[in-house]
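Below: one structure, written as structure tokens.
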Amino acid sequence: MGVLITEQGREILLEAQANKKIKKINNQGIEEEKTCSFQDIADEVEVNVRTVQRFLGREKAVRRITAIKIIKVLNVDPLEIELIEKKDNLEDYIEPPALEEQCYKEIQKPGSLLRIKAPQGFGKTELLTRILNHAESIGYQKVYLSFAQANQETFSNISSLLVWLCKGVTEKLQLSNRIPQKSKEIRFTIDCKNYFEQYVLNQLNSPLVLGLDAVDRIFPYPIAGEFLGMLRSWHEEAKTYPIWEKLRVVIVHSTEVYIPINANQSPFNVGIEVELPEFTLKQIQDLAKGRGLNWNVPEVNQLMNKVGGHPKLVNLAIDKVLFQSITINQLLTKPDQVQRIYHDRLQEMWENLQQYPNLVDAMRKIVNESETVQLEEEIKFKLYSLGLVKLDNGIKPRFPLYQQYFSHRFENE
């Protein structure tokens, strides 16, 4: 049994490696500063250099303890890196087989469009990685692009975004770069369409699965509707033009689409949508057992009473128990421990919420009022889409952890 990193985790670690400098004595006996190499990492971790190369290249799983050592050597917090368990082809990301099989079948359909939606931390990127790896295993080409890796300037106008997309796909497929230096020929979506036809799809002998992660990053920008409409048009092109049958697009996003877009141009009402659920009690038990923790039902319930079945929050708790060699009871009975584990996740949620002042006011009412809060349907739906609330028997924070955190936040405003 071993672990792999996700594509996003790989990018973080490779960037950390590029930035890590070490001092070495050269052949002349002079100390000089050099960029950390795979061999340097291997020497510190005391493993074969091939082990480091395979782990950072996502070629092969390594032991969890080895993975953690490599991550720490690169001065990255292990809790920031998603580790995917590999045991009989199972990962520590747990997803109902039927749902996963549906995704695999969908990308085999000509011109298909698959949408994966869930709040942050539910394993969307992990599922996308599995889909892309499956595509590769059946002879397809694959490309992973994350909008989270693009800078704000990329979203400043449609031309910048289209050039970023074309360049990213071209580089990942190792095709000849036909993008003009001044990018004047990719100003509109029709230019991007022509580029894909002539210089991407026309060069491939097998289908291409294009995985677009964190697409909700563009929702606040004026260009969002035009870009999303282009993705819809590509899906429609496949019904008429065989060359577009080669392209299968997977869109991953966390929040609902709150932008004005014509229903006939939206990619969110065509294709197949997959919404990821929370872990069940049994799934959490199996996940913990796979890492050597034999949690009984009361122990799992103790965790679920804090964070429900939220995949990311559950995994963080398991990692903390393993790293510190403590019990789940010892972890959850210390408020400062709980806050420390989830600080980054909760801070991120707070920052996301502040982008919508009307949602901040609504959330304040929800955590401060014990009786049922009356809110507009659109507000409730947005909070639900952000993963902040549940709508069973009224509206309330999704997990007790959120109730405690936001109560403290609003008290100290």
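Naming scheme: A, B, ... for chains in displayed order of the structure tokens; residues 1 onward per chain; ligands 1 onward as shown.
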Per DSSP on the backbone, what are the strand (DSSP E or B) residues of stretch 75-216 of chain A, as a short mmCIF file (atom, residue, chain, number, x, y, z; two decimals) with all heavy atoms, in the first residue's frame?
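Output file result.cif follows:
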```
data_model
loop_
_atom_site.label_atom_id
_atom_site.label_comp_id
_atom_site.auth_asym_id
_atom_site.auth_seq_id
_atom_site.Cartn_x
_atom_site.Cartn_y
_atom_site.Cartn_z
N LEU A 83 -2.92 13.41 -0.61
CA LEU A 83 -2.27 12.13 -0.84
C LEU A 83 -3.34 11.09 -1.17
O LEU A 83 -4.29 10.92 -0.42
CB LEU A 83 -1.48 11.71 0.40
CG LEU A 83 -0.27 12.60 0.74
CD1 LEU A 83 0.39 12.12 2.02
CD2 LEU A 83 0.74 12.60 -0.40
N ILE A 84 -3.17 10.42 -2.28
CA ILE A 84 -4.15 9.46 -2.76
C ILE A 84 -3.66 8.05 -2.44
O ILE A 84 -2.61 7.62 -2.93
CB ILE A 84 -4.39 9.60 -4.28
CG1 ILE A 84 -4.79 11.04 -4.62
CG2 ILE A 84 -5.43 8.62 -4.76
CD1 ILE A 84 -4.86 11.30 -6.10
N GLU A 85 -4.41 7.34 -1.61
CA GLU A 85 -4.04 5.99 -1.20
C GLU A 85 -4.15 5.03 -2.38
O GLU A 85 -5.11 5.10 -3.15
CB GLU A 85 -4.95 5.52 -0.07
CG GLU A 85 -4.41 4.36 0.73
CD GLU A 85 -3.60 4.82 1.91
OE1 GLU A 85 -3.74 5.97 2.35
OE2 GLU A 85 -2.82 4.00 2.41
N LYS A 86 -3.16 4.15 -2.53
CA LYS A 86 -3.20 3.13 -3.57
C LYS A 86 -3.15 1.76 -2.91
O LYS A 86 -2.15 1.36 -2.36
CB LYS A 86 -2.03 3.29 -4.54
CG LYS A 86 -2.06 4.56 -5.35
CD LYS A 86 -3.18 4.58 -6.37
CE LYS A 86 -2.93 3.62 -7.49
NZ LYS A 86 -3.96 3.70 -8.53
N LYS A 87 -4.27 1.05 -2.97
CA LYS A 87 -4.32 -0.30 -2.44
C LYS A 87 -5.33 -1.07 -3.27
O LYS A 87 -6.52 -0.77 -3.26
CB LYS A 87 -4.75 -0.31 -0.97
CG LYS A 87 -4.81 -1.70 -0.36
CD LYS A 87 -5.27 -1.62 1.08
CE LYS A 87 -5.33 -3.01 1.70
NZ LYS A 87 -5.80 -2.98 3.08
N LEU A 90 -7.32 1.16 -5.23
CA LEU A 90 -8.22 2.08 -4.53
C LEU A 90 -7.40 3.22 -3.97
O LEU A 90 -6.25 3.05 -3.59
CB LEU A 90 -8.95 1.36 -3.38
CG LEU A 90 -9.90 0.26 -3.80
CD1 LEU A 90 -10.49 -0.39 -2.55
CD2 LEU A 90 -11.02 0.80 -4.67
N LEU A 113 -19.60 16.17 -22.70
CA LEU A 113 -19.35 17.26 -21.75
C LEU A 113 -19.78 16.77 -20.37
O LEU A 113 -20.94 16.46 -20.14
CB LEU A 113 -20.15 18.50 -22.13
CG LEU A 113 -20.01 19.72 -21.20
CD1 LEU A 113 -18.57 20.20 -21.17
CD2 LEU A 113 -20.92 20.86 -21.67
N LEU A 114 -18.82 16.67 -19.46
CA LEU A 114 -19.06 16.16 -18.11
C LEU A 114 -18.79 17.27 -17.11
O LEU A 114 -17.77 17.96 -17.19
CB LEU A 114 -18.14 14.97 -17.84
CG LEU A 114 -18.16 14.33 -16.45
CD1 LEU A 114 -19.53 13.72 -16.17
CD2 LEU A 114 -17.08 13.26 -16.35
N ARG A 115 -19.72 17.47 -16.18
CA ARG A 115 -19.57 18.53 -15.17
C ARG A 115 -19.53 17.92 -13.78
O ARG A 115 -20.42 17.15 -13.41
CB ARG A 115 -20.75 19.51 -15.27
CG ARG A 115 -20.76 20.30 -16.57
CD ARG A 115 -22.05 21.06 -16.77
NE ARG A 115 -23.16 20.20 -17.20
CZ ARG A 115 -24.24 19.94 -16.50
NH1 ARG A 115 -24.39 20.48 -15.29
NH2 ARG A 115 -25.19 19.17 -16.98
N ILE A 116 -18.48 18.24 -13.02
CA ILE A 116 -18.31 17.73 -11.66
C ILE A 116 -18.47 18.90 -10.70
O ILE A 116 -17.75 19.88 -10.79
CB ILE A 116 -16.93 17.08 -11.47
CG1 ILE A 116 -16.76 15.93 -12.46
CG2 ILE A 116 -16.76 16.59 -10.04
CD1 ILE A 116 -15.37 15.33 -12.45
N LYS A 117 -19.41 18.78 -9.79
CA LYS A 117 -19.72 19.89 -8.89
C LYS A 117 -19.76 19.40 -7.45
O LYS A 117 -20.33 18.35 -7.15
CB LYS A 117 -21.06 20.51 -9.27
CG LYS A 117 -21.56 21.57 -8.30
CD LYS A 117 -23.00 21.96 -8.63
CE LYS A 117 -23.60 22.81 -7.53
NZ LYS A 117 -25.01 23.09 -7.74
N GLN A 141 -5.67 10.87 -25.28
CA GLN A 141 -4.81 11.94 -24.82
C GLN A 141 -5.50 12.64 -23.65
O GLN A 141 -6.73 12.66 -23.58
CB GLN A 141 -4.57 12.96 -25.95
CG GLN A 141 -3.88 12.39 -27.18
CD GLN A 141 -2.41 12.13 -26.95
OE1 GLN A 141 -1.78 12.78 -26.12
NE2 GLN A 141 -1.85 11.17 -27.68
N LYS A 142 -4.71 13.23 -22.74
CA LYS A 142 -5.30 13.93 -21.61
C LYS A 142 -4.58 15.25 -21.37
O LYS A 142 -3.37 15.37 -21.60
CB LYS A 142 -5.25 13.09 -20.33
CG LYS A 142 -3.83 12.88 -19.79
CD LYS A 142 -3.84 12.16 -18.45
CE LYS A 142 -2.42 12.06 -17.88
NZ LYS A 142 -2.39 11.40 -16.55
N VAL A 143 -5.33 16.25 -20.92
CA VAL A 143 -4.76 17.54 -20.53
C VAL A 143 -5.48 18.02 -19.29
O VAL A 143 -6.71 18.03 -19.24
CB VAL A 143 -4.91 18.59 -21.65
CG1 VAL A 143 -4.55 19.98 -21.12
CG2 VAL A 143 -4.02 18.25 -22.84
N TYR A 144 -4.71 18.41 -18.28
CA TYR A 144 -5.26 18.99 -17.06
C TYR A 144 -4.85 20.45 -16.99
O TYR A 144 -3.67 20.79 -17.07
CB TYR A 144 -4.72 18.25 -15.82
CG TYR A 144 -5.06 18.93 -14.50
CD1 TYR A 144 -6.26 18.66 -13.86
CD2 TYR A 144 -4.17 19.84 -13.92
CE1 TYR A 144 -6.56 19.27 -12.65
CE2 TYR A 144 -4.48 20.47 -12.72
CZ TYR A 144 -5.68 20.18 -12.09
OH TYR A 144 -5.98 20.80 -10.91
N LEU A 145 -5.84 21.34 -16.86
CA LEU A 145 -5.59 22.77 -16.67
C LEU A 145 -6.42 23.26 -15.50
O LEU A 145 -7.63 23.00 -15.45
CB LEU A 145 -5.96 23.56 -17.94
CG LEU A 145 -5.08 23.37 -19.18
CD1 LEU A 145 -5.66 24.16 -20.34
CD2 LEU A 145 -3.64 23.79 -18.91
N SER A 146 -5.78 23.96 -14.58
CA SER A 146 -6.50 24.49 -13.43
C SER A 146 -6.58 26.01 -13.53
O SER A 146 -5.56 26.69 -13.63
CB SER A 146 -5.81 24.09 -12.13
OG SER A 146 -6.43 24.74 -11.03
N LEU A 208 -9.24 13.36 -27.19
CA LEU A 208 -8.59 14.19 -26.17
C LEU A 208 -9.59 14.48 -25.06
O LEU A 208 -10.69 14.98 -25.32
CB LEU A 208 -8.12 15.51 -26.78
CG LEU A 208 -7.75 16.63 -25.79
CD1 LEU A 208 -6.54 16.22 -24.94
CD2 LEU A 208 -7.46 17.93 -26.53
N VAL A 209 -9.22 14.16 -23.82
CA VAL A 209 -10.04 14.52 -22.66
C VAL A 209 -9.39 15.75 -22.02
O VAL A 209 -8.27 15.69 -21.52
CB VAL A 209 -10.14 13.37 -21.64
CG1 VAL A 209 -11.00 13.79 -20.45
CG2 VAL A 209 -10.73 12.13 -22.30
N LEU A 210 -10.11 16.86 -22.05
CA LEU A 210 -9.63 18.13 -21.51
C LEU A 210 -10.28 18.38 -20.16
O LEU A 210 -11.47 18.61 -20.06
CB LEU A 210 -9.97 19.26 -22.48
CG LEU A 210 -9.66 20.70 -22.03
CD1 LEU A 210 -8.18 20.87 -21.72
CD2 LEU A 210 -10.11 21.70 -23.08
N GLY A 211 -9.48 18.30 -19.10
CA GLY A 211 -9.99 18.52 -17.74
C GLY A 211 -9.75 19.94 -17.29
O GLY A 211 -8.59 20.35 -17.17
N LEU A 212 -10.82 20.70 -17.08
CA LEU A 212 -10.72 22.09 -16.66
C LEU A 212 -11.13 22.20 -15.19
O LEU A 212 -12.31 22.08 -14.86
CB LEU A 212 -11.61 22.97 -17.54
CG LEU A 212 -11.30 22.94 -19.04
CD1 LEU A 212 -12.31 23.80 -19.80
CD2 LEU A 212 -9.88 23.41 -19.32
N ASP A 213 -10.17 22.39 -14.32
CA ASP A 213 -10.41 22.42 -12.88
C ASP A 213 -10.62 23.86 -12.40
O ASP A 213 -10.11 24.81 -12.99
CB ASP A 213 -9.21 21.81 -12.16
CG ASP A 213 -9.54 21.30 -10.77
OD1 ASP A 213 -10.71 21.44 -10.35
OD2 ASP A 213 -8.64 20.76 -10.10
#
```
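Counting only C-alpha atoms, stretch 151-167 of chain A has the following residues at most 8 Å away, ignoring those fewer than 3 positions along the same chain: Ala148, Thr170, Glu171, Asn177, Ile179, Ser183, Ile186, Arg187, Phe188, Thr189, Cys192, Tyr195, Phe196, Ile218, Tyr221, Ile223, Glu226 and Phe227 of chain A.
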Test item, helix (DSSP H, G or I) assignment across stretch 204-406 of chain A, answer as a ChimeraX atom specification: /A:215-218,224-237,242-246,267-269,281-289,297-307,311-324,328-332,335-353,357-368,377-385,400-406
Within 12 Å of A:Leu316 using only C-alpha atoms, minus same-chain residues under 6 positions, as a PyMOL selection string: chain A and resi 78-83+92+121+288+303+307+309-310+322-323+328+331+337-345
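Residues in contact range of A:Gly394, defined as at most 10 Å between only C-alpha atoms, with sequence neighbours fewer than 4 positions away removed, read Glu371, Thr372, Val373, Gln374, Val389 and Lys390 of chain A.
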A:Trp350 surroundings by only C-alpha atoms, 9 Å radius, close-in-sequence under 4 positions cut, as a list in words: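 Selected residues are Arg345, Leu346, Gln354, Val360, Phe406 and Arg409 of chain A.
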Computed interatomic separation between atom CA of A:Glu413 and atom CA of A:Pro119 (Å):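 Separation of atom CA of A:Glu413 and atom CA of A:Pro119: 25.5 Å.
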Best match for closeness to A:Leu99 among A:Pro277, A:Pro311, A:Pro335, A:Gly290, counting only C-alpha atoms: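 Comparing A:Pro277, A:Pro311, A:Pro335, A:Gly290 against A:Leu99, the winner is A:Pro277.
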Residue nearest A:Ile41 - candidates A:Val321, A:Leu4, A:Val73, A:Leu231, atoms counted: only C-alpha atoms: A:Val73
From A:Ile12, A:Val250, A:Leu56, A:Glu126, residue lying nearest A:Gln108 [only C-alpha atoms]: A:Val250
Atom CA of A:Arg64 to atom CA of A:Val45, distance in Å rounded to a single decimal: 12.7 Å
Selection near stretch 233-246 of chain A, 8 Å with only C-alpha atoms, sequence-local residues under 5 positions removed, as a PyMOL selection string: chain A and resi 110-113+193+197+201-202+206-208+265
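Here the question is which of A:Val200, A:Val367, A:Ile65, A:Ile284 gets nearest to A:His408 using only C-alpha atoms, and that residue is A:Val367.
If you look at atom CA of A:Ile251 and atom CA of A:Leu173, they are 18.8 Å away from each other.
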